[in-house]
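structure14.txt follows (compact mmCIF, C-alpha atoms):
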```
# COMPACT_ATOMS: atom_id res chain seq x y z
CA MET M 589 -12.76 0.88 -29.70
CA LYS M 590 -14.61 0.85 -26.39
CA HIS M 591 -12.36 -0.41 -23.60
CA THR M 592 -14.48 -0.53 -20.41
CA PHE M 593 -17.65 -2.57 -19.85
CA ASP M 594 -19.91 -2.72 -16.78
CA TYR M 595 -21.04 -6.15 -15.59
CA ILE M 596 -22.83 -5.80 -12.24
CA LYS M 597 -23.39 -2.77 -10.04
CA THR M 598 -25.62 -2.99 -6.97
CA GLY M 599 -26.13 -1.06 -3.75
CA ASP M 600 -24.77 2.20 -2.44
CA LYS M 601 -21.10 2.49 -1.56
CA PRO M 602 -20.63 3.00 2.19
CA THR M 603 -17.73 4.77 3.88
CA ILE M 604 -14.43 3.06 3.16
CA GLU M 605 -11.96 2.73 6.04
CA LYS M 606 -9.58 0.15 4.58
CA TYR M 607 -8.82 -1.77 1.42
CA ILE M 608 -8.22 -5.49 1.03
CA LEU M 609 -6.63 -6.80 -2.15
CA LEU M 610 -7.62 -10.41 -2.80
CA SER M 611 -4.60 -11.37 -4.84
CA GLY M 612 -1.16 -12.86 -4.46
CA SER M 613 0.11 -10.94 -7.48
CA PRO M 614 3.01 -8.62 -6.63
CA ARG M 615 2.20 -6.63 -9.78
CA ARG M 616 -1.33 -5.83 -8.58
CA ALA M 617 -0.07 -5.02 -5.09
CA SER M 618 2.43 -2.59 -6.58
CA LEU M 619 -0.19 -0.93 -8.78
CA LEU M 620 -2.47 -0.42 -5.75
CA ASN M 621 0.30 0.73 -3.43
CA PHE M 622 -1.32 4.18 -3.12
CA LEU M 623 -4.23 2.55 -1.24
CA GLU M 624 -1.90 0.66 1.15
CA PRO M 625 -4.15 -2.41 0.94
CA GLU M 626 -4.07 -5.43 3.18
CA ILE M 627 -3.14 -8.45 1.04
CA ARG M 628 -5.09 -11.70 1.22
CA LYS M 629 -4.75 -14.65 -1.11
CA THR M 630 -7.71 -16.64 -2.41
CA ASN M 631 -8.04 -20.23 -3.55
CA ILE M 632 -10.78 -21.00 -6.07
CA ASP M 633 -11.19 -23.39 -9.00
CA GLU M 634 -10.74 -20.82 -11.77
CA ARG M 635 -10.83 -23.33 -14.63
CA ALA M 636 -14.18 -24.79 -13.47
CA ILE M 637 -15.68 -21.30 -13.28
CA GLN M 638 -14.22 -20.51 -16.68
CA GLU M 639 -15.76 -23.61 -18.26
CA PHE M 640 -19.19 -22.98 -16.73
CA PHE M 641 -19.53 -19.31 -17.71
CA MET M 642 -17.94 -19.62 -21.14
CA ASN M 643 -20.74 -22.10 -21.83
CA LYS M 644 -23.40 -19.90 -20.20
CA TYR M 645 -22.44 -16.94 -22.40
CA LYS M 646 -21.80 -19.00 -25.54
CA ASN M 647 -24.12 -16.82 -27.65
CA ASP M 648 -22.17 -13.64 -26.90
CA PRO M 649 -19.26 -12.42 -29.05
CA PHE M 650 -16.17 -14.32 -27.92
CA ILE M 651 -14.32 -11.40 -26.39
CA HIS M 652 -17.35 -10.50 -24.24
CA ARG M 653 -17.89 -14.13 -23.25
CA VAL M 654 -14.37 -13.97 -21.89
CA GLY M 655 -14.95 -10.59 -20.23
CA LYS M 656 -18.07 -11.77 -18.42
CA THR M 657 -16.39 -15.04 -17.45
CA CYS M 658 -13.43 -13.08 -16.15
CA CYS M 659 -15.84 -11.04 -14.01
CA GLU M 660 -17.31 -14.19 -12.51
CA ILE M 661 -13.84 -15.38 -11.53
CA SER M 662 -13.18 -12.04 -9.82
CA ARG M 663 -16.56 -12.25 -8.08
CA ALA M 664 -15.75 -15.75 -6.85
CA LYS M 665 -12.50 -14.46 -5.36
CA ALA M 666 -14.51 -11.79 -3.51
CA ASP M 667 -17.06 -14.31 -2.20
CA THR M 668 -15.84 -14.10 1.38
CA GLU M 669 -16.99 -12.88 4.78
CA LEU M 670 -17.03 -9.10 4.48
CA GLU M 671 -15.89 -6.72 7.18
CA ASP M 672 -17.71 -3.44 7.79
CA CYS M 673 -16.28 -0.41 5.97
CA ALA M 674 -13.75 -2.54 4.09
CA MET M 675 -13.52 -2.53 0.31
CA TYR M 676 -12.42 -5.84 -1.19
CA ILE M 677 -10.68 -5.72 -4.56
CA ALA M 678 -10.42 -8.83 -6.70
CA ALA M 679 -9.21 -9.12 -10.29
CA ASP M 680 -8.50 -11.62 -13.02
CA THR M 681 -6.68 -11.33 -16.34
CA MET M 682 -7.08 -13.37 -19.53
CA VAL M 683 -5.33 -13.19 -22.88
CA VAL M 684 -7.39 -13.86 -26.03
CA MET M 685 -5.77 -14.86 -29.31
CA ASP M 686 -7.49 -16.24 -32.42
CA GLY M 687 -10.65 -17.19 -30.52
CA GLN M 688 -8.77 -18.97 -27.75
CA ILE M 689 -8.03 -18.15 -24.14
CA TYR M 690 -4.34 -18.19 -23.26
CA ASN M 691 -4.05 -19.09 -19.59
CA LYS M 692 -0.74 -19.48 -17.78
CA PRO M 693 1.43 -21.89 -19.78
CA THR M 694 1.85 -25.40 -18.41
CA ASP M 695 5.43 -25.80 -19.64
CA MET M 696 8.12 -23.93 -21.54
CA ASP M 697 7.16 -25.46 -24.89
CA GLN M 698 3.63 -24.08 -24.53
CA ALA M 699 5.00 -20.72 -23.38
CA ARG M 700 7.16 -20.47 -26.50
CA GLU M 701 4.25 -21.51 -28.75
CA MET M 702 2.01 -18.85 -27.19
CA PHE M 703 4.63 -16.14 -27.41
CA LEU M 704 5.57 -16.79 -31.02
CA SER M 705 1.91 -16.77 -32.07
CA TYR M 706 1.65 -13.03 -31.30
CA PHE M 707 4.06 -11.82 -33.97
CA GLY M 708 2.48 -10.00 -36.88
CA LYS M 709 -0.95 -10.20 -35.25
CA THR M 710 -3.23 -8.43 -32.80
CA HIS M 711 -4.48 -10.03 -29.60
CA HIS M 712 -6.54 -8.82 -26.64
CA VAL M 713 -5.97 -8.75 -22.90
CA ILE M 714 -8.99 -8.62 -20.62
CA THR M 715 -8.87 -7.75 -16.93
CA SER M 716 -11.93 -7.92 -14.73
CA VAL M 717 -12.30 -6.21 -11.36
CA CYS M 718 -14.76 -6.78 -8.54
CA LEU M 719 -15.05 -3.98 -5.97
CA LYS M 720 -17.10 -5.36 -3.11
CA MET M 721 -18.36 -4.19 0.27
CA LYS M 722 -21.30 -5.14 2.44
CA ASP M 723 -24.44 -4.45 0.35
CA TYR M 724 -22.33 -3.03 -2.50
CA GLU M 725 -20.71 -4.44 -5.62
CA ASP M 726 -19.18 -2.93 -8.76
CA SER M 727 -17.88 -5.50 -11.24
CA PHE M 728 -16.53 -4.54 -14.66
CA TYR M 729 -13.96 -5.52 -17.24
CA THR M 730 -11.52 -3.66 -19.45
CA ILE M 731 -10.05 -4.68 -22.79
CA ALA M 732 -6.70 -3.71 -24.27
CA GLU M 733 -5.55 -4.51 -27.79
CA VAL M 734 -1.90 -5.39 -28.41
CA GLU M 735 -0.17 -5.62 -31.78
CA PHE M 736 3.22 -7.30 -32.05
CA VAL M 737 5.59 -6.56 -34.91
CA PRO M 738 5.97 -9.20 -37.64
CA TYR M 739 8.67 -11.71 -36.80
CA TYR M 740 12.15 -11.21 -38.27
CA SER M 741 15.26 -13.26 -37.58
CA GLU M 742 17.03 -10.60 -35.50
CA LEU M 743 14.32 -11.01 -32.83
CA SER M 744 15.30 -14.61 -32.13
CA LEU M 745 17.87 -13.76 -29.45
CA ILE M 746 15.53 -11.26 -27.76
CA ILE M 747 12.74 -13.84 -27.64
CA ASN M 748 14.98 -16.60 -26.29
CA GLU M 749 16.42 -14.36 -23.60
CA TYR M 750 12.96 -13.23 -22.55
CA LEU M 751 11.54 -16.75 -22.30
CA THR M 752 14.50 -18.05 -20.31
CA GLU M 753 15.16 -15.05 -18.04
CA GLU M 754 11.63 -13.90 -17.15
CA ASN M 755 9.13 -15.87 -15.08
CA VAL M 756 6.74 -16.42 -17.99
CA MET M 757 5.18 -19.51 -16.41
CA ASP M 758 3.40 -17.29 -13.88
CA LYS M 759 1.81 -15.01 -16.47
CA ALA M 760 -1.39 -15.40 -18.50
CA GLY M 761 -0.39 -15.60 -22.14
CA ALA M 762 3.27 -16.18 -21.19
CA TYR M 763 4.33 -12.54 -20.99
CA GLY M 764 4.22 -9.37 -18.94
CA ILE M 765 4.02 -6.22 -21.05
CA GLN M 766 6.18 -4.31 -18.56
CA ASP M 767 9.04 -6.77 -19.11
CA LEU M 768 9.09 -6.82 -22.91
CA ASP M 769 11.79 -5.38 -25.12
CA PRO M 770 10.22 -2.31 -26.80
CA ARG M 771 11.15 -3.66 -30.23
CA LEU M 772 8.47 -6.33 -29.94
CA VAL M 773 5.27 -4.29 -29.56
CA ARG M 774 4.07 -2.04 -32.37
CA ARG M 775 0.84 -0.71 -30.84
CA ILE M 776 -1.33 -0.81 -27.74
CA SER M 777 -4.93 0.39 -27.66
CA GLY M 778 -6.36 0.83 -24.17
CA ASP M 779 -4.90 1.04 -20.68
CA ILE M 780 -1.47 -0.63 -20.45
CA ASN M 781 -2.34 -1.48 -16.83
CA THR M 782 -5.10 -3.75 -18.10
CA ILE M 783 -2.31 -5.81 -19.64
CA ILE M 784 -0.17 -5.65 -16.50
CA GLY M 785 -3.14 -6.91 -14.47
CA LEU M 786 -5.23 -4.06 -13.05
CA PRO M 787 -6.75 -0.98 -14.75
CA VAL M 788 -5.69 1.38 -11.97
CA ALA M 789 -7.20 4.61 -13.31
CA GLU M 790 -10.64 3.01 -13.69
CA VAL M 791 -10.41 1.37 -10.28
CA ALA M 792 -9.47 4.66 -8.60
CA TYR M 793 -12.25 6.53 -10.39
CA ARG M 794 -14.87 4.03 -9.24
CA ILE M 795 -13.57 4.03 -5.68
CA TYR M 796 -13.45 7.81 -5.31
CA GLN M 797 -16.46 8.94 -7.35
```
With the file now loaded, output its structure as structure tokens.
Amino acid sequence: MKHTFDYIKTGDKPTIEKYILLSGSPRRASLLNFLEPEIRKTNIDERAIQEFFMNKYKNDPFIHRVGKTCCEISRAKADTELEDCAMYIAADTMVVMDGQIYNKPTDMDQAREMFLSYFGKTHHVITSVCLKMKDYEDSFYTIAEVEFVPYYSELSLIINEYLTEENVMDKAGAYGIQDLDPRLVRRISGDINTIIGLPVAEVAYRIYQ
């Protein structure tokens, strides 16, 4: 399975003197710690962008509709006044299950419904990244495939503890792969950091190449 897809690449990359991460996610900040980025939060209407571009790309295979839409959300986050020699890094993550997008759950009942739907099935996590500088842009998305074990009764306590003890309301698809009990996940195909929220190896390669 191919895991990385280019979306837009324009311009020549100038000298980089500093990095600015356009995200309030502590997970992304931790993953990019080696760059010592400045952190700035963004405020955009992600659901409106999602609706518009999912419709625009309605003739594409569903998973790539989501990937391209994800890229447009990242690009919108990076639509800001750009400083010279600064690389801006924006990202977005979506979970896809049975032809549906799982955003952050709105309440605990929805979080439980999402989480239980994974067992015995395979779902996909898509993370888009926009690397942007003055007169330069590299936007792409990566896909990881996650297979949960079939449900069995002994998992009930593990699931309940996870849903009540972890901050699942703040996570797309109601889970963070780094927080899960290892008995839950049978297989991952692709970069685990795509699931956490930023494909670090791919980002570093594109920055340094």
**Prompt:** Taking into account only C-alpha atoms, which residue in the set M:Ala617, M:Ile784, M:Phe703, M:Cys718 is nearest to Tyr750 (chain M)?
**Reply:** M:Phe703
**Asked** Quick one: of M:Tyr595, M:Tyr690, M:Tyr706, M:Tyr763, who's nearest to Pro738 (chain M), counting only C-alpha atoms?
**Response**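 Of all the options, M:Tyr706 lies closest to Pro738 (chain M).
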**Message:** Give me, as a VMD selection string, all polymer residues having an atom no more than 9 Å from region 611-615 of chain M, counting only C-alpha atoms and skipping those fewer than 2 positions away in the same chain.
**Reply:** chain M and resid 609 617 to 620 627 to 630 665 677 to 679 784 to 786
**Complete:** Using all atoms listed in the file, the residue out of M:Asp697, M:Asp726, M:Glu660, M:Asp594 with shortest distance to Phe641 (chain M) is M:Glu660
**Message:** Give me, as a ChimeraX atom specification, all polymer residues having an atom no more than 8 Å from Ser777 (chain M), counting only C-alpha atoms and skipping those fewer than 5 positions away in the same chain.
**Reply:** /M:732-734
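Residue nearest Asn691 (chain M), chosen from M:Ser741, M:Thr598, M:Asn755, M:Gln638 and counting only C-alpha atoms: M:Gln638.
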**Request:** Within 10 Å of Ile765 (chain M), counting only C-alpha atoms, which residues show up once you throw out same-chain ones fewer than 4 positions away? Write them as a PyMOL selection string, please.
**Result:** chain M and resi 734+769-770+772-773+780-785
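Interatomic distance, CA of Phe622 (chain M) to CA of Val713 (chain M): 24.1 Å.
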**Prompt:** Suppose you want the space between CA of Tyr793 (chain M) and CA of Arg775 (chain M); what is it in Å?
**Reply:** 25.3 Å
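Put simply, CA of Ser716 (chain M) is 12.4 Å away from CA of Ile651 (chain M).
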**For Phe707 (chain M), the nearest of the candidates M:Glu639, M:Glu735, M:Glu626, M:Glu671, counting only C-alpha atoms** = M:Glu735
**For Ala636 (chain M), the nearest of the candidates M:Ala762, M:Ile661, M:Ile689, M:Val684, counting only C-alpha atoms** = M:Ile661
**Message:** Around the point (3.9, -21.1, -12.8) (coordinates from the file), which residues reach within 9 Å if we count all atoms listed in the file? Answer as a list in words.
**Reply:**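 Using all atoms listed in the file, the matching residues come out as Lys692, Pro693, Thr694, Asp695, Asn755, Val756, Met757, Asp758 and Lys759 of chain M.
Residues within 9 Å of region 743-748 of chain M, counting all atoms listed in the file and excluding same-chain residues fewer than 3 positions away, are Arg700, Phe703, Leu704, Tyr739, Tyr740, Leu751, Thr752, Glu753, Asp769, Arg771 and Leu772 of chain M.
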**Request:** Show which residues sit within 12 Å of Val717 (chain M), as a count of residues only. Count only C-alpha atoms, and ignore same-chain residues fewer than 2 positions away.
**Result:** 49
Compute the distance from (-12.1, -16.1, -35.0) to each atom, counting all atoms listed in the file, keep the residues with any atom at most 12 Å away, and return them as a short mmCIF file (atom, residue, chain, number, x, y, z; two decimals) with C-alpha atoms, keeping the file's coordinate frame; use the coordinates of the file.
```cif
data_model
loop_
_atom_site.label_atom_id
_atom_site.label_comp_id
_atom_site.auth_asym_id
_atom_site.auth_seq_id
_atom_site.Cartn_x
_atom_site.Cartn_y
_atom_site.Cartn_z
CA PRO M 649 -19.26 -12.42 -29.05
CA PHE M 650 -16.17 -14.32 -27.92
CA ILE M 651 -14.32 -11.40 -26.39
CA VAL M 684 -7.39 -13.86 -26.03
CA MET M 685 -5.77 -14.86 -29.31
CA ASP M 686 -7.49 -16.24 -32.42
CA GLY M 687 -10.65 -17.19 -30.52
CA GLN M 688 -8.77 -18.97 -27.75
CA ILE M 689 -8.03 -18.15 -24.14
CA THR M 710 -3.23 -8.43 -32.80
CA HIS M 711 -4.48 -10.03 -29.60
#
```
Complete the atoms of region 769-796 of chain M to N, CA and C atoms and put them out as a short mmCIF file (atom, residue, chain, number, x, y, z; two decimals), in the coordinates of the input.
```cif
data_model
loop_
_atom_site.label_atom_id
_atom_site.label_comp_id
_atom_site.auth_asym_id
_atom_site.auth_seq_id
_atom_site.Cartn_x
_atom_site.Cartn_y
_atom_site.Cartn_z
N ASP M 769 10.93 -6.27 -24.35
CA ASP M 769 11.79 -5.38 -25.12
C ASP M 769 10.89 -4.51 -26.00
N PRO M 770 11.11 -3.20 -26.05
CA PRO M 770 10.22 -2.31 -26.80
C PRO M 770 10.22 -2.56 -28.30
N ARG M 771 11.15 -3.35 -28.80
CA ARG M 771 11.15 -3.66 -30.23
C ARG M 771 10.07 -4.65 -30.62
N LEU M 772 9.43 -5.27 -29.64
CA LEU M 772 8.47 -6.33 -29.94
C LEU M 772 7.05 -5.82 -30.19
N VAL M 773 6.67 -4.73 -29.54
CA VAL M 773 5.27 -4.29 -29.56
C VAL M 773 5.13 -3.04 -30.43
N ARG M 774 4.29 -3.16 -31.45
CA ARG M 774 4.07 -2.04 -32.37
C ARG M 774 3.01 -1.07 -31.86
N ARG M 775 1.97 -1.59 -31.21
CA ARG M 775 0.84 -0.71 -30.84
C ARG M 775 0.06 -1.31 -29.69
N ILE M 776 -0.41 -0.43 -28.81
CA ILE M 776 -1.33 -0.81 -27.74
C ILE M 776 -2.52 0.14 -27.79
N SER M 777 -3.72 -0.41 -27.75
CA SER M 777 -4.93 0.39 -27.66
C SER M 777 -5.62 0.05 -26.34
N GLY M 778 -5.79 1.07 -25.49
CA GLY M 778 -6.36 0.83 -24.17
C GLY M 778 -5.34 1.09 -23.09
N ASP M 779 -5.73 0.79 -21.86
CA ASP M 779 -4.90 1.04 -20.68
C ASP M 779 -3.83 -0.04 -20.57
N ILE M 780 -2.55 0.36 -20.57
CA ILE M 780 -1.47 -0.63 -20.45
C ILE M 780 -1.59 -1.40 -19.14
N ASN M 781 -2.20 -0.79 -18.10
CA ASN M 781 -2.34 -1.48 -16.83
C ASN M 781 -3.35 -2.62 -16.89
N THR M 782 -4.25 -2.58 -17.87
CA THR M 782 -5.10 -3.75 -18.10
C THR M 782 -4.24 -4.95 -18.44
N ILE M 783 -3.19 -4.73 -19.22
CA ILE M 783 -2.31 -5.81 -19.64
C ILE M 783 -1.43 -6.26 -18.48
N ILE M 784 -0.99 -5.30 -17.67
CA ILE M 784 -0.17 -5.65 -16.50
C ILE M 784 -1.00 -6.43 -15.48
N GLY M 785 -2.30 -6.12 -15.36
CA GLY M 785 -3.14 -6.91 -14.47
C GLY M 785 -4.16 -6.16 -13.66
N LEU M 786 -4.22 -4.81 -13.79
CA LEU M 786 -5.23 -4.06 -13.05
C LEU M 786 -5.36 -2.66 -13.65
N PRO M 787 -6.55 -2.31 -14.16
CA PRO M 787 -6.75 -0.98 -14.75
C PRO M 787 -6.88 0.07 -13.65
N VAL M 788 -5.75 0.57 -13.18
CA VAL M 788 -5.69 1.38 -11.97
C VAL M 788 -6.54 2.65 -12.07
N ALA M 789 -6.46 3.36 -13.19
CA ALA M 789 -7.20 4.61 -13.31
C ALA M 789 -8.70 4.38 -13.16
N GLU M 790 -9.20 3.31 -13.79
CA GLU M 790 -10.64 3.01 -13.69
C GLU M 790 -11.01 2.58 -12.28
N VAL M 791 -10.16 1.79 -11.66
CA VAL M 791 -10.41 1.37 -10.28
C VAL M 791 -10.47 2.58 -9.36
N ALA M 792 -9.50 3.47 -9.46
CA ALA M 792 -9.47 4.66 -8.60
C ALA M 792 -10.69 5.54 -8.82
N TYR M 793 -11.07 5.72 -10.09
CA TYR M 793 -12.25 6.53 -10.39
C TYR M 793 -13.50 5.96 -9.73
N ARG M 794 -13.66 4.65 -9.83
CA ARG M 794 -14.87 4.03 -9.24
C ARG M 794 -14.84 4.02 -7.73
N ILE M 795 -13.67 3.97 -7.13
CA ILE M 795 -13.57 4.03 -5.68
C ILE M 795 -13.90 5.44 -5.16
N TYR M 796 -13.36 6.45 -5.83
CA TYR M 796 -13.45 7.81 -5.31
C TYR M 796 -14.68 8.59 -5.77
#
```
